[in-house]
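What follows is a single structure, written as structure tokens, with notes after it.
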2 protein chains.
Amino acid sequence: MPEIEALKSGSSTQRDGLNHQAIEDYLKTIYMLAELESPVSTSRIAEARDVKPASVTSMLQRLAKLKMVDYKKHSGVTLTTAGEKVALEVIRHHRLLELYLMEALGFEWDEVHEQADILEHVISEKLEERIAAFLGHPTVDPHGDPIPAKDGTIVAVDTISLANLATGTQAQITRIIDDANSEMLRYLAELGLTPGTEFTVVDIAPFDGPFSLQVGDNVKIVGRTIANSILVTFV
Amino acid sequence: MPEIEALKSGSSTQRDGLNHQAIEDYLKTIYMLAELESPVSTSRIAEARDVKPASVTSMLQRLAKLKMVDYKKHSGVTLTTAGEKVALEVIRHHRLLELYLMEALGFEWDEVHEQADILEHVISEKLEERIAAFLGHPTVDPHGDPIPAKDGTIVAVDTISLANLATGTQAQITRIIDDANSEMLRYLAELGLTPGTEFTVVDIAPFDGPFSLQVGDNVKIVGRTIANSILVTFV
DNA sequence: AATTAAGTTTAGATATACCTCAAAAGCTAA
DNA sequence: TTAGCTTTTGAGGTATATCTAAACTTAATT
């Protein structure tokens with residue numbers, strides 16, 4: 001009965017012992033937090049993942065056993081080479097997927113993050129490769145985040161937060177941090193403040209006040225929170 | 001710290017209680033087995049999923065509690081309307097994905113099943129919709145299997161197994177059963193026996209022997225196993 | 001050096017989602 | 001009615017993920 005055979009594979013779950021999803025998510029979280037501060041502390045991870053520190057500790061012990069992190073009690077973690085490789089692969093998947101969903105399937109800027117977060121763990125090497133090829137092996141995703149290459153290299157662009165600019169400065173948006181907050185992304189897209197946009201800081205209101213940005217003929221005003229999330233390069 | 005926010009969603013797993021994957025796979029299995037014989041017995045499902053009958057029983061009890069199946073001890077299961085809806089959705093996803101991977105990303109006939117089996121459980125409604133639109137809302141997948149519409153309708157084509165044809169019959173391949181067996185699919189593709197192909201049965205060897213099919217100027221010979229897996233319509 | 005506050009780890013307990021095996025129970029057809 | 005098969009039950013296993021509360025470490029402050 002060939003039908004039975006056909007059904008069989010339909011049922012094959014990951015029975016290989018490891019639940020990749022959680023592990024990959026932790027490694028990704030650690031990688032990203034390590035960019036801000038390394039080694040990464042238990043509580044930082046707990047915050048980011050929205051779990052209790054105790055849960056993080058046990059996961060770190062598991063990751064240490066898998067040689068994915070260097071972990072010594074009370075002193076935080078760093079990724080091993082193996083761990084970093086996994087993290088970069090997941091991030092690569094994520095960013096390729098975001099770009100693909102926009103380019104190939106017409107999704108909006110603010111819609112892609114969630115779906116990519118799920119798909120990043122399940123696409124095969126081959127699918128990743130096809131997607132990358134379709135996109136012409138891009139190095140930057142729709143939010144301006146760099147896409148790690150297959151070998152782990154990242155094309156890093158020297159950026160500075162818009163919040164640190166002085167009045168009169170000319171700059172170009174290269175990256176929007178916080179790709180989880182689709183409301184902000186929608187808002188920024190509305191304002192026309194997307195990666196690639198050039199602008200001049202025409203005013204900074206005192207007492208942590210908003211920034212006025214000249215974009216073409218218009219002036220756009222953004223608050224501190226947004227200014228912090230926008231990374232720029234000088235033109 | 002906006003970065004923390006960004007990471008948060010990166011970590012969000014399905015914490016919603018249900019592990020969809022297994023449930024969906026069971027429902028899909030039951031749906032497909034029910035096409036052969038309904039109600040579907042425990043052992044049939046166990047075979048198809050390659051688990052022990054006892055495991056099936058407990059899953060059936062779980063599915064019954066979820067109102068996905070009608071289940072009465074010792075008498076097999078049938079899907080409820082809700083259960084069928086889920087099964088059809090998963091099947092729709094699967095077949096759309098297979099077609100999409102081929103059409104949009106250049107995968108081969110025999111490569112798409114595995115990846116689709118995983119992706120079918122994780123694509124959002126919106127992604128499904130975009131994929132369907134990209135493909136022009138198709139009703140048939142690369143193996144000739146009908147793709148259920150969003151409302152659950154299936155365009156059924158009246159088919160008969162090639163194995164039942166008599167010598168001299170003219171027919172067209174509409175469907176290849178057993179999309180899990182990529183070796184067979186590769187072989188069939190090599191022979192040029194894919195859905196849409198027209199042929200005439202020029203010989204059937206006795207004692208369950210092979211079929212000789214005239215395809216254009218060539219004669220292709222296929223054994224019983226393959227003949228059973230090929231469904232045809234008359235021309 | 002001792003104290004304290006903050007952060008971290010352990011221990012113990014739940015919970016879920018599978019799965020298995022062995023034995024009991026139920027069905028069906030000769 | 002009983003043999004043979006299928007199905008269910010019940011007990012138990014593994015893996016993962018979580019929590020609370022108590023114990024501990026570290027680093028900063030006195």
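Chains: A, B, ... in order of the structure tokens. Residues: from 1 per chain. Ligands: from 1, in order shown.
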Could you produce a table of the residues of chain B lying within 12 Å of chain D, with the nearest pair of atoms per residue and their separation in Å rounded to one decimal, using only C-alpha atoms (C1' of nucleotides), ordered by chain and increasing residue number, as JSON lines?
{"residue": "B:Thr13", "atom": "CA", "partner": "D:DA17", "partner_atom": "C1'", "distance": 11.1}
{"residue": "B:Gln14", "atom": "CA", "partner": "D:DA17", "partner_atom": "C1'", "distance": 11.7}
{"residue": "B:Arg15", "atom": "CA", "partner": "D:DA17", "partner_atom": "C1'", "distance": 9.8}
{"residue": "B:Gly17", "atom": "CA", "partner": "D:DA17", "partner_atom": "C1'", "distance": 11.8}
{"residue": "B:Ser41", "atom": "CA", "partner": "D:DT6", "partner_atom": "C1'", "distance": 9.2}
{"residue": "B:Thr42", "atom": "CA", "partner": "D:DT7", "partner_atom": "C1'", "distance": 7.5}
{"residue": "B:Ser43", "atom": "CA", "partner": "D:DT6", "partner_atom": "C1'", "distance": 7.8}
{"residue": "B:Arg44", "atom": "CA", "partner": "D:DT6", "partner_atom": "C1'", "distance": 10.8}
{"residue": "B:Ala46", "atom": "CA", "partner": "D:DT7", "partner_atom": "C1'", "distance": 11.7}
{"residue": "B:Lys52", "atom": "CA", "partner": "D:DT7", "partner_atom": "C1'", "distance": 11.3}
{"residue": "B:Pro53", "atom": "CA", "partner": "D:DT7", "partner_atom": "C1'", "distance": 7.8}
{"residue": "B:Ala54", "atom": "CA", "partner": "D:DT8", "partner_atom": "C1'", "distance": 7.3}
{"residue": "B:Ser55", "atom": "CA", "partner": "D:DT8", "partner_atom": "C1'", "distance": 10.4}
{"residue": "B:Val56", "atom": "CA", "partner": "D:DT7", "partner_atom": "C1'", "distance": 10.1}
{"residue": "B:Thr57", "atom": "CA", "partner": "D:DT8", "partner_atom": "C1'", "distance": 7.2}
{"residue": "B:Ser58", "atom": "CA", "partner": "D:DT8", "partner_atom": "C1'", "distance": 9.0}
{"residue": "B:Leu60", "atom": "CA", "partner": "D:DT8", "partner_atom": "C1'", "distance": 11.4}
{"residue": "B:Gln61", "atom": "CA", "partner": "D:DT8", "partner_atom": "C1'", "distance": 10.8}
{"residue": "B:Lys72", "atom": "CA", "partner": "D:DT7", "partner_atom": "C1'", "distance": 11.1}
{"residue": "B:Lys73", "atom": "CA", "partner": "D:DT7", "partner_atom": "C1'", "distance": 7.7}
{"residue": "B:His74", "atom": "CA", "partner": "D:DT7", "partner_atom": "C1'", "distance": 5.8}
{"residue": "B:Ser75", "atom": "CA", "partner": "D:DT7", "partner_atom": "C1'", "distance": 9.0}
{"residue": "B:Gly76", "atom": "CA", "partner": "D:DT7", "partner_atom": "C1'", "distance": 9.5}
Go ahead and write the selection's residues with N, CA, C and O atoms as a compact mmCIF listing (two decimals), in the first residue's frame.
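Result saved to result_5.txt:
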# COMPACT_ATOMS: atom_id res chain seq x y z
N THR B 13 8.21 31.51 21.64
CA THR B 13 7.92 30.20 21.10
C THR B 13 6.41 29.99 21.21
O THR B 13 5.72 30.83 21.75
N GLN B 14 5.92 28.89 20.71
CA GLN B 14 4.52 28.59 20.94
C GLN B 14 4.32 28.19 22.38
O GLN B 14 4.48 27.05 22.75
N ARG B 15 3.94 29.14 23.18
CA ARG B 15 3.71 28.81 24.58
C ARG B 15 2.20 28.69 24.81
O ARG B 15 1.74 28.70 25.92
N GLY B 17 0.17 26.38 24.71
CA GLY B 17 -0.43 25.17 25.28
C GLY B 17 -0.42 23.99 24.33
O GLY B 17 0.05 22.93 24.69
N SER B 41 -9.08 2.81 11.68
CA SER B 41 -8.75 2.03 12.87
C SER B 41 -7.44 2.51 13.50
O SER B 41 -6.57 3.08 12.84
N THR B 42 -7.34 2.23 14.78
CA THR B 42 -6.14 2.58 15.55
C THR B 42 -4.87 2.04 14.90
O THR B 42 -3.89 2.76 14.74
N SER B 43 -4.93 0.79 14.52
CA SER B 43 -3.69 0.18 14.01
C SER B 43 -3.29 0.75 12.65
O SER B 43 -2.12 0.86 12.34
N ARG B 44 -4.30 1.15 11.87
CA ARG B 44 -3.99 1.76 10.57
C ARG B 44 -3.20 3.06 10.79
O ARG B 44 -2.21 3.34 10.13
N ALA B 46 -1.50 3.80 13.48
CA ALA B 46 -0.21 3.45 14.09
C ALA B 46 0.81 3.09 13.02
O ALA B 46 1.95 3.54 13.04
N LYS B 52 3.36 2.94 18.09
CA LYS B 52 2.60 1.81 18.61
C LYS B 52 1.12 2.18 18.75
O LYS B 52 0.80 3.34 19.03
N PRO B 53 0.25 1.19 18.58
CA PRO B 53 -1.20 1.45 18.71
C PRO B 53 -1.55 2.15 20.02
O PRO B 53 -2.44 3.01 20.04
N ALA B 54 -0.87 1.78 21.08
CA ALA B 54 -1.20 2.40 22.36
C ALA B 54 -1.02 3.92 22.30
O ALA B 54 -1.80 4.67 22.88
N SER B 55 -0.01 4.34 21.60
CA SER B 55 0.23 5.78 21.47
C SER B 55 -0.91 6.44 20.71
O SER B 55 -1.34 7.54 21.04
N VAL B 56 -1.37 5.72 19.70
CA VAL B 56 -2.47 6.26 18.90
C VAL B 56 -3.72 6.42 19.77
O VAL B 56 -4.37 7.45 19.76
N THR B 57 -4.01 5.39 20.52
CA THR B 57 -5.19 5.46 21.37
C THR B 57 -5.17 6.71 22.24
O THR B 57 -6.15 7.45 22.32
N SER B 58 -4.04 6.96 22.86
CA SER B 58 -4.05 8.12 23.76
C SER B 58 -4.16 9.43 22.99
O SER B 58 -4.79 10.37 23.44
N LEU B 60 -5.83 9.71 20.23
CA LEU B 60 -7.23 9.80 19.81
C LEU B 60 -8.11 10.33 20.94
O LEU B 60 -9.04 11.11 20.72
N GLN B 61 -7.77 9.92 22.13
CA GLN B 61 -8.54 10.42 23.28
C GLN B 61 -8.35 11.93 23.43
O GLN B 61 -9.27 12.67 23.74
N LYS B 72 -15.13 6.36 19.45
CA LYS B 72 -15.77 5.47 20.40
C LYS B 72 -14.86 4.27 20.49
O LYS B 72 -14.51 3.68 19.45
N LYS B 73 -14.49 3.94 21.69
CA LYS B 73 -13.61 2.80 21.92
C LYS B 73 -13.88 1.65 20.95
O LYS B 73 -15.03 1.27 20.73
N HIS B 74 -12.82 1.10 20.47
CA HIS B 74 -12.89 -0.13 19.67
C HIS B 74 -13.58 0.03 18.32
O HIS B 74 -13.75 -0.95 17.62
N SER B 75 -13.98 1.24 17.98
CA SER B 75 -14.68 1.32 16.69
C SER B 75 -14.08 2.35 15.74
O SER B 75 -14.75 2.82 14.83
N GLY B 76 -12.85 2.71 15.96
CA GLY B 76 -12.20 3.61 15.01
C GLY B 76 -12.64 5.06 15.16
O GLY B 76 -13.48 5.38 16.00
Counting only C-alpha atoms (C1' of nucleotides), chain C residues within 12 Å of chain A, as number ranges by chain: C: 6-11, 18-19
Strand (DSSP E) per DSSP on the backbone: members of segment 1-234 of chain B, as JSON, numbers by chain: {"B": [69, 70, 71, 77, 78, 79, 160, 161, 170, 171, 172, 173, 174, 175, 176, 198, 199, 200, 201, 202, 203, 204, 211, 212, 213, 214, 215, 218, 219, 220, 221, 222, 230, 231, 232, 233, 234]}
Picked from segment 14-131 of chain B by DSSP as alpha helix (DSSP H), as a count of residues only: 78
So that I can see what lies close to Gly144 of chain B, please list as a PDB file with N, CA, C and O atoms, in the first residue's frame the residues with an atom at most 6 Å from it, counting only C-alpha atoms (C1' of nucleotides) and leaving out residues fewer than 5 positions away in the same chain.
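File written: around-v8.pdb
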ATOM      1  N   THR B 174      -2.977  11.958 -14.301  1.00  0.00           N
ATOM      2  CA  THR B 174      -3.454  13.122 -13.557  1.00  0.00           C
ATOM      3  C   THR B 174      -2.805  13.231 -12.192  1.00  0.00           C
ATOM      4  O   THR B 174      -2.764  14.302 -11.606  1.00  0.00           O
ATOM      5  N   ARG B 175      -2.301  12.131 -11.707  1.00  0.00           N
ATOM      6  CA  ARG B 175      -1.872  12.182 -10.311  1.00  0.00           C
ATOM      7  C   ARG B 175      -0.947  11.033  -9.994  1.00  0.00           C
ATOM      8  O   ARG B 175      -1.120   9.927 -10.479  1.00  0.00           O
ATOM      9  N   PRO B 195       2.268  14.288 -14.252  1.00  0.00           N
ATOM     10  CA  PRO B 195       0.877  14.650 -14.501  1.00  0.00           C
ATOM     11  C   PRO B 195       0.744  15.461 -15.789  1.00  0.00           C
ATOM     12  O   PRO B 195       1.545  16.356 -16.052  1.00  0.00           O
TER      13      PRO B 195
END
d(atom CA of Thr139 of chain A, atom CA of Leu96 of chain A) in Å: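 Those two atoms sit 8.9 Å apart.
Taking only C-alpha atoms (C1' of nucleotides), the non-local environment of Lys220 of chain B within 9 Å (same-chain residues fewer than 3 positions away omitted) comprises Leu191, Gly192, Leu193, Phe211, Ser212, Leu213, Gln214 and Val215 of chain B.
Distances here use only C-alpha atoms; by that measure, the residue among A:Leu27, A:Val51, A:Ile176, A:Leu33 closest to Thr81 of chain A is A:Leu27.
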For atom CA of Leu162 of chain A and atom CA of Ile226 of chain A, the interatomic separation in Å (one decimal):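 Between these atoms lies a distance of 8.7 Å.
Of note, atom CA of Glu24 of chain A and atom CA of Ala156 of chain A are spaced 22.6 Å apart.
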Distance query Glu35 of chain A at most 12 Å, only C-alpha atoms (C1' of nucleotides), self and fewer than 4 positions along chain excluded, as number ranges by chain: A: 28-31, 39-40, 78-79, 84; B: 3-4
Writer output for current selection, all heavy atoms, as a PDB file, in the first residue's frame:
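The resulting file, again-v7.pdb, is shown below:
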ATOM      1  N   LYS A  28      20.732  32.764  19.815  1.00  0.00           N
ATOM      2  CA  LYS A  28      20.495  34.021  19.114  1.00  0.00           C
ATOM      3  C   LYS A  28      20.406  35.176  20.112  1.00  0.00           C
ATOM      4  O   LYS A  28      21.028  36.225  19.924  1.00  0.00           O
ATOM      5  CB  LYS A  28      19.186  33.891  18.328  1.00  0.00           C
ATOM      6  CG  LYS A  28      18.813  35.076  17.482  1.00  0.00           C
ATOM      7  CD  LYS A  28      17.552  34.733  16.674  1.00  0.00           C
ATOM      8  CE  LYS A  28      16.681  35.955  16.444  1.00  0.00           C
ATOM      9  NZ  LYS A  28      15.349  35.601  15.879  1.00  0.00           N
ATOM     10  N   THR A  29      19.661  34.950  21.163  1.00  0.00           N
ATOM     11  CA  THR A  29      19.539  35.976  22.196  1.00  0.00           C
ATOM     12  C   THR A  29      20.906  36.321  22.778  1.00  0.00           C
ATOM     13  O   THR A  29      21.246  37.505  22.934  1.00  0.00           O
ATOM     14  CB  THR A  29      18.615  35.482  23.329  1.00  0.00           C
ATOM     15  OG1 THR A  29      17.340  35.146  22.791  1.00  0.00           O
ATOM     16  CG2 THR A  29      18.446  36.555  24.384  1.00  0.00           C
ATOM     17  N   ILE A  30      21.667  35.301  23.097  1.00  0.00           N
ATOM     18  CA  ILE A  30      22.982  35.550  23.686  1.00  0.00           C
ATOM     19  C   ILE A  30      23.872  36.311  22.711  1.00  0.00           C
ATOM     20  O   ILE A  30      24.553  37.265  23.085  1.00  0.00           O
ATOM     21  CB  ILE A  30      23.657  34.211  24.098  1.00  0.00           C
ATOM     22  CG1 ILE A  30      22.860  33.572  25.232  1.00  0.00           C
ATOM     23  CG2 ILE A  30      25.105  34.438  24.523  1.00  0.00           C
ATOM     24  CD1 ILE A  30      23.219  32.125  25.506  1.00  0.00           C
ATOM     25  N   TYR A  31      23.823  35.893  21.457  1.00  0.00           N
ATOM     26  CA  TYR A  31      24.643  36.592  20.462  1.00  0.00           C
ATOM     27  C   TYR A  31      24.304  38.073  20.415  1.00  0.00           C
ATOM     28  O   TYR A  31      25.182  38.934  20.421  1.00  0.00           O
ATOM     29  CB  TYR A  31      24.433  35.969  19.085  1.00  0.00           C
ATOM     30  CG  TYR A  31      25.245  36.650  18.009  1.00  0.00           C
ATOM     31  CD1 TYR A  31      26.532  36.213  17.724  1.00  0.00           C
ATOM     32  CD2 TYR A  31      24.735  37.739  17.305  1.00  0.00           C
ATOM     33  CE1 TYR A  31      27.287  36.847  16.754  1.00  0.00           C
ATOM     34  CE2 TYR A  31      25.490  38.379  16.341  1.00  0.00           C
ATOM     35  CZ  TYR A  31      26.762  37.930  16.056  1.00  0.00           C
ATOM     36  OH  TYR A  31      27.517  38.564  15.114  1.00  0.00           O
ATOM     37  N   PRO A  39      30.852  39.238  28.914  1.00  0.00           N
ATOM     38  CA  PRO A  39      29.876  38.153  28.870  1.00  0.00           C
ATOM     39  C   PRO A  39      28.456  38.598  29.209  1.00  0.00           C
ATOM     40  O   PRO A  39      28.250  39.647  29.785  1.00  0.00           O
ATOM     41  CB  PRO A  39      30.419  37.169  29.920  1.00  0.00           C
ATOM     42  CG  PRO A  39      31.323  37.931  30.800  1.00  0.00           C
ATOM     43  CD  PRO A  39      31.856  39.059  29.975  1.00  0.00           C
ATOM     44  N   VAL A  40      27.510  37.769  28.822  1.00  0.00           N
ATOM     45  CA  VAL A  40      26.104  38.087  29.014  1.00  0.00           C
ATOM     46  C   VAL A  40      25.606  37.477  30.327  1.00  0.00           C
ATOM     47  O   VAL A  40      25.865  36.315  30.603  1.00  0.00           O
ATOM     48  CB  VAL A  40      25.265  37.526  27.845  1.00  0.00           C
ATOM     49  CG1 VAL A  40      23.795  37.887  28.025  1.00  0.00           C
ATOM     50  CG2 VAL A  40      25.792  38.041  26.526  1.00  0.00           C
ATOM     51  N   THR A  78      29.573  33.351  27.384  1.00  0.00           N
ATOM     52  CA  THR A  78      29.943  33.797  26.039  1.00  0.00           C
ATOM     53  C   THR A  78      29.710  32.605  25.120  1.00  0.00           C
ATOM     54  O   THR A  78      29.747  31.457  25.569  1.00  0.00           O
ATOM     55  CB  THR A  78      31.425  34.184  25.964  1.00  0.00           C
ATOM     56  OG1 THR A  78      32.199  33.101  26.496  1.00  0.00           O
ATOM     57  CG2 THR A  78      31.707  35.446  26.772  1.00  0.00           C
ATOM     58  N   LEU A  79      29.478  32.890  23.867  1.00  0.00           N
ATOM     59  CA  LEU A  79      29.284  31.810  22.913  1.00  0.00           C
ATOM     60  C   LEU A  79      30.624  31.173  22.563  1.00  0.00           C
ATOM     61  O   LEU A  79      31.637  31.859  22.464  1.00  0.00           O
ATOM     62  CB  LEU A  79      28.630  32.348  21.632  1.00  0.00           C
ATOM     63  CG  LEU A  79      27.202  32.881  21.753  1.00  0.00           C
ATOM     64  CD1 LEU A  79      26.752  33.452  20.417  1.00  0.00           C
ATOM     65  CD2 LEU A  79      26.247  31.801  22.213  1.00  0.00           C
ATOM     66  N   GLU A  84      28.370  30.331  18.315  1.00  0.00           N
ATOM     67  CA  GLU A  84      28.257  31.518  17.479  1.00  0.00           C
ATOM     68  C   GLU A  84      27.838  31.131  16.065  1.00  0.00           C
ATOM     69  O   GLU A  84      27.054  31.833  15.423  1.00  0.00           O
ATOM     70  CB  GLU A  84      29.584  32.276  17.442  1.00  0.00           C
ATOM     71  CG  GLU A  84      29.471  33.592  16.704  1.00  0.00           C
ATOM     72  CD  GLU A  84      30.732  34.437  16.801  1.00  0.00           C
ATOM     73  OE1 GLU A  84      31.012  34.929  17.914  1.00  0.00           O
ATOM     74  OE2 GLU A  84      31.441  34.591  15.781  1.00  0.00           O
TER      75      GLU A  84
ATOM     76  N   GLU B   3      16.671  47.511  22.404  1.00  0.00           N
ATOM     77  CA  GLU B   3      17.219  46.243  21.919  1.00  0.00           C
ATOM     78  C   GLU B   3      16.604  45.060  22.646  1.00  0.00           C
ATOM     79  O   GLU B   3      16.346  44.027  22.067  1.00  0.00           O
ATOM     80  CB  GLU B   3      18.747  46.194  22.102  1.00  0.00           C
ATOM     81  CG  GLU B   3      19.502  47.100  21.160  1.00  0.00           C
ATOM     82  CD  GLU B   3      19.671  48.497  21.743  1.00  0.00           C
ATOM     83  OE1 GLU B   3      19.067  48.805  22.784  1.00  0.00           O
ATOM     84  OE2 GLU B   3      20.417  49.301  21.134  1.00  0.00           O
ATOM     85  N   ILE B   4      16.398  45.219  23.915  1.00  0.00           N
ATOM     86  CA  ILE B   4      15.811  44.145  24.699  1.00  0.00           C
ATOM     87  C   ILE B   4      14.432  43.781  24.139  1.00  0.00           C
ATOM     88  O   ILE B   4      14.138  42.623  23.906  1.00  0.00           O
ATOM     89  CB  ILE B   4      15.648  44.582  26.178  1.00  0.00           C
ATOM     90  CG1 ILE B   4      17.012  44.862  26.792  1.00  0.00           C
ATOM     91  CG2 ILE B   4      14.917  43.493  26.969  1.00  0.00           C
ATOM     92  CD1 ILE B   4      17.833  43.657  27.089  1.00  0.00           C
TER      93      ILE B   4
END
